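> Dropping in data_21.cif, which is mmCIF, N, CA and C atoms:
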```
data_target
#
loop_
_atom_site.label_atom_id
_atom_site.label_comp_id
_atom_site.auth_asym_id
_atom_site.auth_seq_id
_atom_site.Cartn_x
_atom_site.Cartn_y
_atom_site.Cartn_z
N MET A 28 71.45 -68.16 -71.18
CA MET A 28 71.73 -66.76 -70.96
C MET A 28 71.67 -66.01 -72.29
N SER A 29 71.11 -64.85 -72.25
CA SER A 29 71.09 -64.00 -73.42
C SER A 29 72.36 -63.15 -73.44
N TYR A 30 73.25 -63.47 -74.38
CA TYR A 30 74.49 -62.70 -74.47
C TYR A 30 74.19 -61.24 -74.76
N GLU A 31 73.19 -60.98 -75.57
CA GLU A 31 72.84 -59.59 -75.91
C GLU A 31 72.41 -58.81 -74.66
N LEU A 32 71.60 -59.41 -73.80
CA LEU A 32 71.19 -58.73 -72.56
C LEU A 32 72.39 -58.51 -71.66
N TYR A 33 73.25 -59.52 -71.53
CA TYR A 33 74.47 -59.36 -70.74
C TYR A 33 75.28 -58.18 -71.26
N ARG A 34 75.49 -58.14 -72.56
CA ARG A 34 76.30 -57.08 -73.18
C ARG A 34 75.70 -55.71 -72.89
N ARG A 35 74.37 -55.58 -73.03
CA ARG A 35 73.71 -54.29 -72.78
C ARG A 35 73.80 -53.88 -71.32
N LEU A 36 73.62 -54.82 -70.41
CA LEU A 36 73.73 -54.49 -68.98
C LEU A 36 75.15 -54.04 -68.63
N ALA A 37 76.14 -54.77 -69.12
CA ALA A 37 77.54 -54.41 -68.85
C ALA A 37 77.87 -53.05 -69.46
N GLU A 38 77.40 -52.81 -70.66
CA GLU A 38 77.64 -51.53 -71.34
C GLU A 38 77.00 -50.37 -70.56
N ARG A 39 75.79 -50.56 -70.10
CA ARG A 39 75.10 -49.52 -69.32
C ARG A 39 75.78 -49.30 -67.97
N ALA A 40 76.28 -50.36 -67.36
CA ALA A 40 77.01 -50.22 -66.09
C ALA A 40 78.23 -49.33 -66.30
N ARG A 41 78.97 -49.58 -67.38
CA ARG A 41 80.14 -48.75 -67.68
C ARG A 41 79.73 -47.31 -67.97
N TYR A 42 78.64 -47.14 -68.71
CA TYR A 42 78.15 -45.79 -69.02
C TYR A 42 77.80 -45.02 -67.74
N PHE A 43 77.02 -45.64 -66.84
CA PHE A 43 76.64 -44.96 -65.61
C PHE A 43 77.87 -44.64 -64.76
N PHE A 44 78.85 -45.55 -64.75
CA PHE A 44 80.07 -45.30 -63.98
C PHE A 44 80.77 -44.05 -64.51
N GLU A 45 80.92 -43.95 -65.81
CA GLU A 45 81.57 -42.77 -66.40
C GLU A 45 80.71 -41.52 -66.25
N GLU A 46 79.42 -41.67 -66.36
CA GLU A 46 78.51 -40.52 -66.22
C GLU A 46 78.64 -39.92 -64.82
N SER A 47 78.90 -40.73 -63.84
CA SER A 47 79.04 -40.22 -62.47
C SER A 47 80.19 -39.20 -62.38
N SER A 48 81.24 -39.42 -63.14
CA SER A 48 82.37 -38.46 -63.13
C SER A 48 81.95 -37.11 -63.70
N ARG A 49 81.14 -37.14 -64.74
CA ARG A 49 80.67 -35.88 -65.33
C ARG A 49 79.75 -35.14 -64.35
N ASP A 50 78.92 -35.89 -63.63
CA ASP A 50 78.05 -35.28 -62.62
C ASP A 50 78.89 -34.67 -61.49
N ALA A 51 79.89 -35.40 -61.04
CA ALA A 51 80.75 -34.92 -59.95
C ALA A 51 81.52 -33.67 -60.36
N ALA A 52 81.93 -33.61 -61.62
CA ALA A 52 82.64 -32.42 -62.11
C ALA A 52 81.76 -31.18 -61.99
N LYS A 53 80.45 -31.37 -62.05
CA LYS A 53 79.49 -30.27 -61.91
C LYS A 53 79.04 -30.12 -60.45
N LYS A 54 79.69 -30.89 -59.55
CA LYS A 54 79.36 -30.88 -58.12
C LYS A 54 77.93 -31.36 -57.84
N ARG A 55 77.42 -32.21 -58.69
CA ARG A 55 76.10 -32.83 -58.51
C ARG A 55 76.32 -34.21 -57.89
N TYR A 56 76.77 -34.22 -56.66
CA TYR A 56 77.14 -35.47 -56.02
C TYR A 56 75.95 -36.39 -55.77
N ASP A 57 74.76 -35.81 -55.61
CA ASP A 57 73.57 -36.65 -55.43
C ASP A 57 73.32 -37.49 -56.67
N ILE A 58 73.37 -36.87 -57.83
CA ILE A 58 73.16 -37.60 -59.09
C ILE A 58 74.36 -38.50 -59.40
N ALA A 59 75.56 -38.03 -59.08
CA ALA A 59 76.76 -38.84 -59.31
C ALA A 59 76.68 -40.15 -58.51
N LEU A 60 76.24 -40.07 -57.27
CA LEU A 60 76.10 -41.27 -56.45
C LEU A 60 74.97 -42.16 -56.96
N PHE A 61 73.90 -41.56 -57.42
CA PHE A 61 72.83 -42.35 -58.02
C PHE A 61 73.37 -43.13 -59.23
N HIS A 62 74.15 -42.47 -60.06
CA HIS A 62 74.71 -43.15 -61.22
C HIS A 62 75.68 -44.25 -60.81
N LEU A 63 76.44 -44.05 -59.72
CA LEU A 63 77.31 -45.12 -59.23
C LEU A 63 76.49 -46.31 -58.76
N GLU A 64 75.40 -46.04 -58.06
CA GLU A 64 74.54 -47.11 -57.59
C GLU A 64 73.99 -47.90 -58.77
N GLN A 65 73.55 -47.19 -59.79
CA GLN A 65 73.02 -47.86 -60.98
C GLN A 65 74.10 -48.67 -61.69
N ALA A 66 75.32 -48.13 -61.74
CA ALA A 66 76.44 -48.85 -62.35
C ALA A 66 76.69 -50.17 -61.64
N LEU A 67 76.72 -50.13 -60.31
CA LEU A 67 76.97 -51.35 -59.56
C LEU A 67 75.81 -52.33 -59.67
N GLN A 68 74.60 -51.82 -59.57
CA GLN A 68 73.43 -52.69 -59.68
C GLN A 68 73.40 -53.40 -61.04
N LEU A 69 73.62 -52.67 -62.11
CA LEU A 69 73.63 -53.28 -63.44
C LEU A 69 74.82 -54.21 -63.63
N GLY A 70 75.96 -53.83 -63.04
CA GLY A 70 77.14 -54.69 -63.11
C GLY A 70 76.89 -56.03 -62.45
N ILE A 71 76.26 -56.00 -61.28
CA ILE A 71 75.95 -57.25 -60.58
C ILE A 71 74.93 -58.07 -61.37
N LYS A 72 73.93 -57.41 -61.91
CA LYS A 72 72.94 -58.12 -62.72
C LYS A 72 73.59 -58.79 -63.93
N ALA A 73 74.49 -58.08 -64.59
CA ALA A 73 75.20 -58.65 -65.74
C ALA A 73 76.01 -59.86 -65.30
N TYR A 74 76.73 -59.72 -64.20
CA TYR A 74 77.54 -60.82 -63.69
C TYR A 74 76.67 -62.03 -63.37
N MET A 75 75.56 -61.79 -62.68
CA MET A 75 74.68 -62.90 -62.32
C MET A 75 74.05 -63.54 -63.55
N LEU A 76 73.73 -62.75 -64.54
CA LEU A 76 73.19 -63.30 -65.78
C LEU A 76 74.22 -64.22 -66.44
N ARG A 77 75.49 -63.76 -66.44
CA ARG A 77 76.56 -64.55 -67.05
C ARG A 77 76.86 -65.81 -66.26
N THR A 78 76.85 -65.73 -64.93
CA THR A 78 77.27 -66.87 -64.11
C THR A 78 76.13 -67.77 -63.66
N LYS A 79 74.92 -67.22 -63.53
CA LYS A 79 73.80 -67.99 -63.01
C LYS A 79 72.65 -68.12 -64.00
N GLY A 80 72.69 -67.31 -65.06
CA GLY A 80 71.63 -67.38 -66.07
C GLY A 80 70.46 -66.46 -65.81
N ASP A 81 70.42 -65.83 -64.64
CA ASP A 81 69.32 -64.92 -64.29
C ASP A 81 69.75 -64.08 -63.10
N PHE A 82 68.92 -63.12 -62.74
CA PHE A 82 69.17 -62.30 -61.57
C PHE A 82 67.84 -61.96 -60.91
N PRO A 83 67.85 -61.76 -59.58
CA PRO A 83 66.60 -61.45 -58.88
C PRO A 83 66.16 -60.01 -59.14
N LYS A 84 64.89 -59.77 -58.94
CA LYS A 84 64.33 -58.43 -59.14
C LYS A 84 64.27 -57.70 -57.80
N VAL A 85 65.45 -57.40 -57.25
CA VAL A 85 65.56 -56.65 -56.00
C VAL A 85 66.43 -55.42 -56.25
N HIS A 86 66.41 -54.47 -55.32
CA HIS A 86 67.17 -53.24 -55.50
C HIS A 86 68.20 -52.98 -54.40
N ASP A 87 68.23 -53.80 -53.37
CA ASP A 87 69.15 -53.60 -52.26
C ASP A 87 70.54 -54.12 -52.63
N LEU A 88 71.53 -53.23 -52.63
CA LEU A 88 72.88 -53.63 -53.03
C LEU A 88 73.48 -54.68 -52.12
N GLY A 89 73.24 -54.57 -50.81
CA GLY A 89 73.76 -55.57 -49.89
C GLY A 89 73.27 -56.96 -50.24
N MET A 90 72.00 -57.06 -50.58
CA MET A 90 71.41 -58.34 -50.98
C MET A 90 72.02 -58.81 -52.30
N PHE A 91 72.14 -57.90 -53.26
CA PHE A 91 72.74 -58.26 -54.56
C PHE A 91 74.17 -58.78 -54.37
N ILE A 92 74.93 -58.11 -53.53
CA ILE A 92 76.32 -58.50 -53.31
C ILE A 92 76.38 -59.92 -52.75
N LYS A 93 75.52 -60.24 -51.80
CA LYS A 93 75.49 -61.59 -51.23
C LYS A 93 75.05 -62.62 -52.28
N LEU A 94 74.00 -62.29 -53.03
CA LEU A 94 73.47 -63.23 -54.01
C LEU A 94 74.43 -63.47 -55.18
N ALA A 95 75.30 -62.51 -55.45
CA ALA A 95 76.25 -62.66 -56.55
C ALA A 95 77.24 -63.79 -56.28
N GLU A 96 77.53 -64.04 -55.01
CA GLU A 96 78.47 -65.09 -54.62
C GLU A 96 79.80 -64.97 -55.34
N ASN A 97 80.31 -63.74 -55.39
CA ASN A 97 81.59 -63.44 -56.00
C ASN A 97 82.58 -63.18 -54.87
N GLN A 98 83.58 -64.02 -54.73
CA GLN A 98 84.52 -63.92 -53.60
C GLN A 98 85.29 -62.60 -53.61
N CYS A 99 85.69 -62.15 -54.76
CA CYS A 99 86.41 -60.87 -54.87
C CYS A 99 85.52 -59.73 -54.36
N LEU A 100 84.28 -59.72 -54.80
CA LEU A 100 83.34 -58.67 -54.39
C LEU A 100 83.04 -58.77 -52.90
N ALA A 101 82.86 -59.98 -52.39
CA ALA A 101 82.60 -60.17 -50.96
C ALA A 101 83.76 -59.64 -50.13
N LYS A 102 84.97 -59.95 -50.55
CA LYS A 102 86.16 -59.49 -49.82
C LYS A 102 86.27 -57.96 -49.88
N LEU A 103 86.04 -57.39 -51.05
CA LEU A 103 86.09 -55.94 -51.22
C LEU A 103 85.07 -55.25 -50.32
N THR A 104 83.91 -55.85 -50.18
CA THR A 104 82.81 -55.24 -49.43
C THR A 104 83.04 -55.26 -47.92
N GLU A 105 83.88 -56.19 -47.44
CA GLU A 105 84.16 -56.25 -46.00
C GLU A 105 84.66 -54.90 -45.52
N GLY A 106 84.01 -54.34 -44.53
CA GLY A 106 84.42 -53.06 -43.98
C GLY A 106 84.00 -51.85 -44.81
N MET A 107 83.32 -52.09 -45.91
CA MET A 107 82.90 -50.98 -46.78
C MET A 107 81.40 -50.72 -46.64
N TRP A 108 80.83 -51.07 -45.50
CA TRP A 108 79.39 -50.92 -45.27
C TRP A 108 78.94 -49.49 -45.50
N TYR A 109 79.81 -48.51 -45.19
CA TYR A 109 79.41 -47.12 -45.35
C TYR A 109 79.16 -46.79 -46.83
N ASP A 110 80.04 -47.26 -47.70
CA ASP A 110 79.87 -47.00 -49.13
C ASP A 110 78.61 -47.68 -49.66
N VAL A 111 78.37 -48.91 -49.25
CA VAL A 111 77.17 -49.62 -49.67
C VAL A 111 75.93 -48.87 -49.18
N SER A 112 75.99 -48.40 -47.95
CA SER A 112 74.87 -47.66 -47.36
C SER A 112 74.61 -46.35 -48.11
N ILE A 113 75.68 -45.62 -48.42
CA ILE A 113 75.55 -44.35 -49.16
C ILE A 113 74.93 -44.61 -50.53
N LEU A 114 75.36 -45.67 -51.19
CA LEU A 114 74.83 -45.97 -52.52
C LEU A 114 73.35 -46.36 -52.45
N ASN A 115 72.99 -47.17 -51.47
CA ASN A 115 71.57 -47.50 -51.28
C ASN A 115 70.76 -46.25 -50.99
N ASP A 116 71.30 -45.39 -50.14
CA ASP A 116 70.64 -44.14 -49.78
C ASP A 116 70.46 -43.25 -51.01
N ALA A 117 71.49 -43.17 -51.83
CA ALA A 117 71.43 -42.32 -53.03
C ALA A 117 70.37 -42.80 -54.00
N TYR A 118 70.16 -44.10 -54.08
CA TYR A 118 69.13 -44.65 -54.95
C TYR A 118 67.75 -44.14 -54.53
N ILE A 119 67.48 -44.19 -53.23
CA ILE A 119 66.19 -43.74 -52.71
C ILE A 119 66.10 -42.21 -52.73
N ALA A 120 67.14 -41.54 -52.28
CA ALA A 120 67.13 -40.08 -52.17
C ALA A 120 66.97 -39.41 -53.53
N SER A 121 67.48 -40.02 -54.57
CA SER A 121 67.39 -39.40 -55.90
C SER A 121 65.94 -39.26 -56.34
N ARG A 122 65.08 -40.10 -55.81
CA ARG A 122 63.67 -40.08 -56.20
C ARG A 122 62.78 -39.31 -55.22
N TYR A 123 63.08 -39.43 -53.93
CA TYR A 123 62.12 -38.96 -52.94
C TYR A 123 62.63 -37.89 -51.98
N LEU A 124 63.93 -37.71 -51.88
CA LEU A 124 64.48 -36.80 -50.87
C LEU A 124 65.42 -35.79 -51.51
N ALA A 125 65.59 -34.69 -50.84
CA ALA A 125 66.57 -33.70 -51.29
C ALA A 125 67.76 -33.78 -50.33
N ARG A 126 68.60 -34.79 -50.54
CA ARG A 126 69.76 -34.99 -49.66
C ARG A 126 71.01 -34.56 -50.38
N GLU A 127 71.89 -33.93 -49.64
CA GLU A 127 73.17 -33.49 -50.20
C GLU A 127 74.26 -34.47 -49.80
N TYR A 128 75.21 -34.66 -50.70
CA TYR A 128 76.35 -35.53 -50.44
C TYR A 128 77.62 -34.73 -50.68
N SER A 129 78.69 -35.18 -50.07
CA SER A 129 79.97 -34.47 -50.21
C SER A 129 80.84 -35.10 -51.30
N GLU A 130 81.84 -34.37 -51.69
CA GLU A 130 82.81 -34.89 -52.65
C GLU A 130 83.54 -36.09 -52.05
N LYS A 131 83.81 -36.03 -50.75
CA LYS A 131 84.49 -37.14 -50.07
C LYS A 131 83.65 -38.42 -50.14
N GLU A 132 82.34 -38.30 -49.92
CA GLU A 132 81.46 -39.47 -50.01
C GLU A 132 81.46 -40.01 -51.44
N TYR A 133 81.41 -39.11 -52.40
CA TYR A 133 81.43 -39.53 -53.80
C TYR A 133 82.73 -40.28 -54.13
N ARG A 134 83.86 -39.68 -53.76
CA ARG A 134 85.16 -40.30 -54.10
C ARG A 134 85.31 -41.69 -53.48
N SER A 135 84.87 -41.82 -52.23
CA SER A 135 84.97 -43.12 -51.56
C SER A 135 84.07 -44.15 -52.26
N ALA A 136 82.84 -43.76 -52.55
CA ALA A 136 81.91 -44.67 -53.22
C ALA A 136 82.40 -45.01 -54.62
N ARG A 137 82.98 -44.05 -55.32
CA ARG A 137 83.48 -44.30 -56.68
C ARG A 137 84.62 -45.32 -56.66
N SER A 138 85.50 -45.18 -55.68
CA SER A 138 86.60 -46.13 -55.55
C SER A 138 86.07 -47.54 -55.28
N PHE A 139 85.07 -47.63 -54.41
CA PHE A 139 84.44 -48.92 -54.11
C PHE A 139 83.79 -49.52 -55.35
N VAL A 140 83.02 -48.71 -56.07
CA VAL A 140 82.31 -49.21 -57.26
C VAL A 140 83.31 -49.61 -58.34
N ARG A 141 84.38 -48.84 -58.51
CA ARG A 141 85.42 -49.22 -59.48
C ARG A 141 85.97 -50.61 -59.15
N GLY A 142 86.31 -50.83 -57.89
CA GLY A 142 86.82 -52.14 -57.47
C GLY A 142 85.79 -53.24 -57.68
N ALA A 143 84.54 -52.94 -57.36
CA ALA A 143 83.48 -53.93 -57.52
C ALA A 143 83.28 -54.30 -58.99
N LEU A 144 83.28 -53.32 -59.86
CA LEU A 144 83.11 -53.59 -61.29
C LEU A 144 84.29 -54.37 -61.85
N LYS A 145 85.48 -54.15 -61.28
CA LYS A 145 86.65 -54.97 -61.67
C LYS A 145 86.44 -56.41 -61.23
N CYS A 146 86.00 -56.60 -59.99
CA CYS A 146 85.74 -57.96 -59.48
C CYS A 146 84.74 -58.70 -60.36
N LEU A 147 83.79 -57.98 -60.88
CA LEU A 147 82.71 -58.58 -61.68
C LEU A 147 83.09 -58.76 -63.15
N GLY A 148 84.26 -58.26 -63.53
CA GLY A 148 84.70 -58.37 -64.92
C GLY A 148 84.01 -57.40 -65.86
N ILE A 149 83.46 -56.32 -65.32
CA ILE A 149 82.75 -55.33 -66.14
C ILE A 149 83.71 -54.28 -66.68
N ILE A 150 84.70 -53.89 -65.86
CA ILE A 150 85.74 -52.97 -66.33
C ILE A 150 87.10 -53.60 -66.04
N GLU A 151 88.11 -53.12 -66.75
CA GLU A 151 89.46 -53.64 -66.57
C GLU A 151 90.33 -52.75 -65.71
N SER A 152 90.14 -51.44 -65.82
CA SER A 152 91.02 -50.55 -65.05
C SER A 152 90.25 -49.53 -64.28
#
```
I need this file expressed as structure tokens, please.

Amino acid sequence: MSYELYRRLAERARYFFEESSRDAAKKRYDIALFHLEQALQLGIKAYMLRTKGDFPKVHDLGMFIKLAENQCLAKLTEGMWYDVSILNDAYIASRYLAREYSEKEYRSARSFVRGALKCLGIIES
């Protein structure tokens, strides 16, 4: 495993997570959700790099969550299909669609991503 790559992925995951708050403060929930999706995707990649030595080149969060084989993350994800779906949608919509999201959707997804990044050891609080 490349510790430097792990460090950069984890650092970028934290950056995107924090950037989402700045976007939400400007009521740019579409971009805020995109940044949350990127934070989780990079967090999972960092975790998989650390625990498995590599990560697959896929973009579906549901698939990443399963492949991570992290019990904390799996438990957190149970019943949170809506948040995972919104994050996947935001990834696609940010590039190809003009979709609007609500503050409520953002807050729910942010809470989920915060918990997921904790499970992965990317953030502490």
> Looking at only N, CA and C atoms, which of A:Glu46, A:Asp87, A:Tyr133, A:Arg41 is the one that sits closest to Ala66 (chain A)?
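Of all the options, A:Arg41 lies closest to Ala66 (chain A).
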> Running the PyMOL selection byres ((chain A and resi 55-60) around 8) on this model by hand, what would come out? Give it as number ranges by chain.
A: 43, 46-54, 61-66, 113-118, 120-121, 126-130, 132-133, 136-137
> Write out as a list in words each polymer residue whose atoms come within 7 Å of Ala73 (chain A), counting all atoms listed in the file; drop sequence neighbours fewer than 2 positions from it.
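Surrounding residues, per the criterion: Leu32, Tyr33, Arg34, Leu36, Ala37, Gln68, Leu69, Gly70, Ile71, Met75, Leu76, Arg77 and Thr78 of chain A.
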> Please write the residues picked by the PyMOL selection byres ((chain A and resi 147) around 8) on this file as a VMD selection string.
chain A and resid 70 to 71 73 to 75 97 99 to 100 141 to 146 148 to 150
> Would you compute the distance between CA of Ser135 (chain A) and CA of Asp110 (chain A)? Give it in Å to one decimal.
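Result for CA of Ser135 (chain A) versus CA of Asp110 (chain A): 6.9 Å, one decimal.
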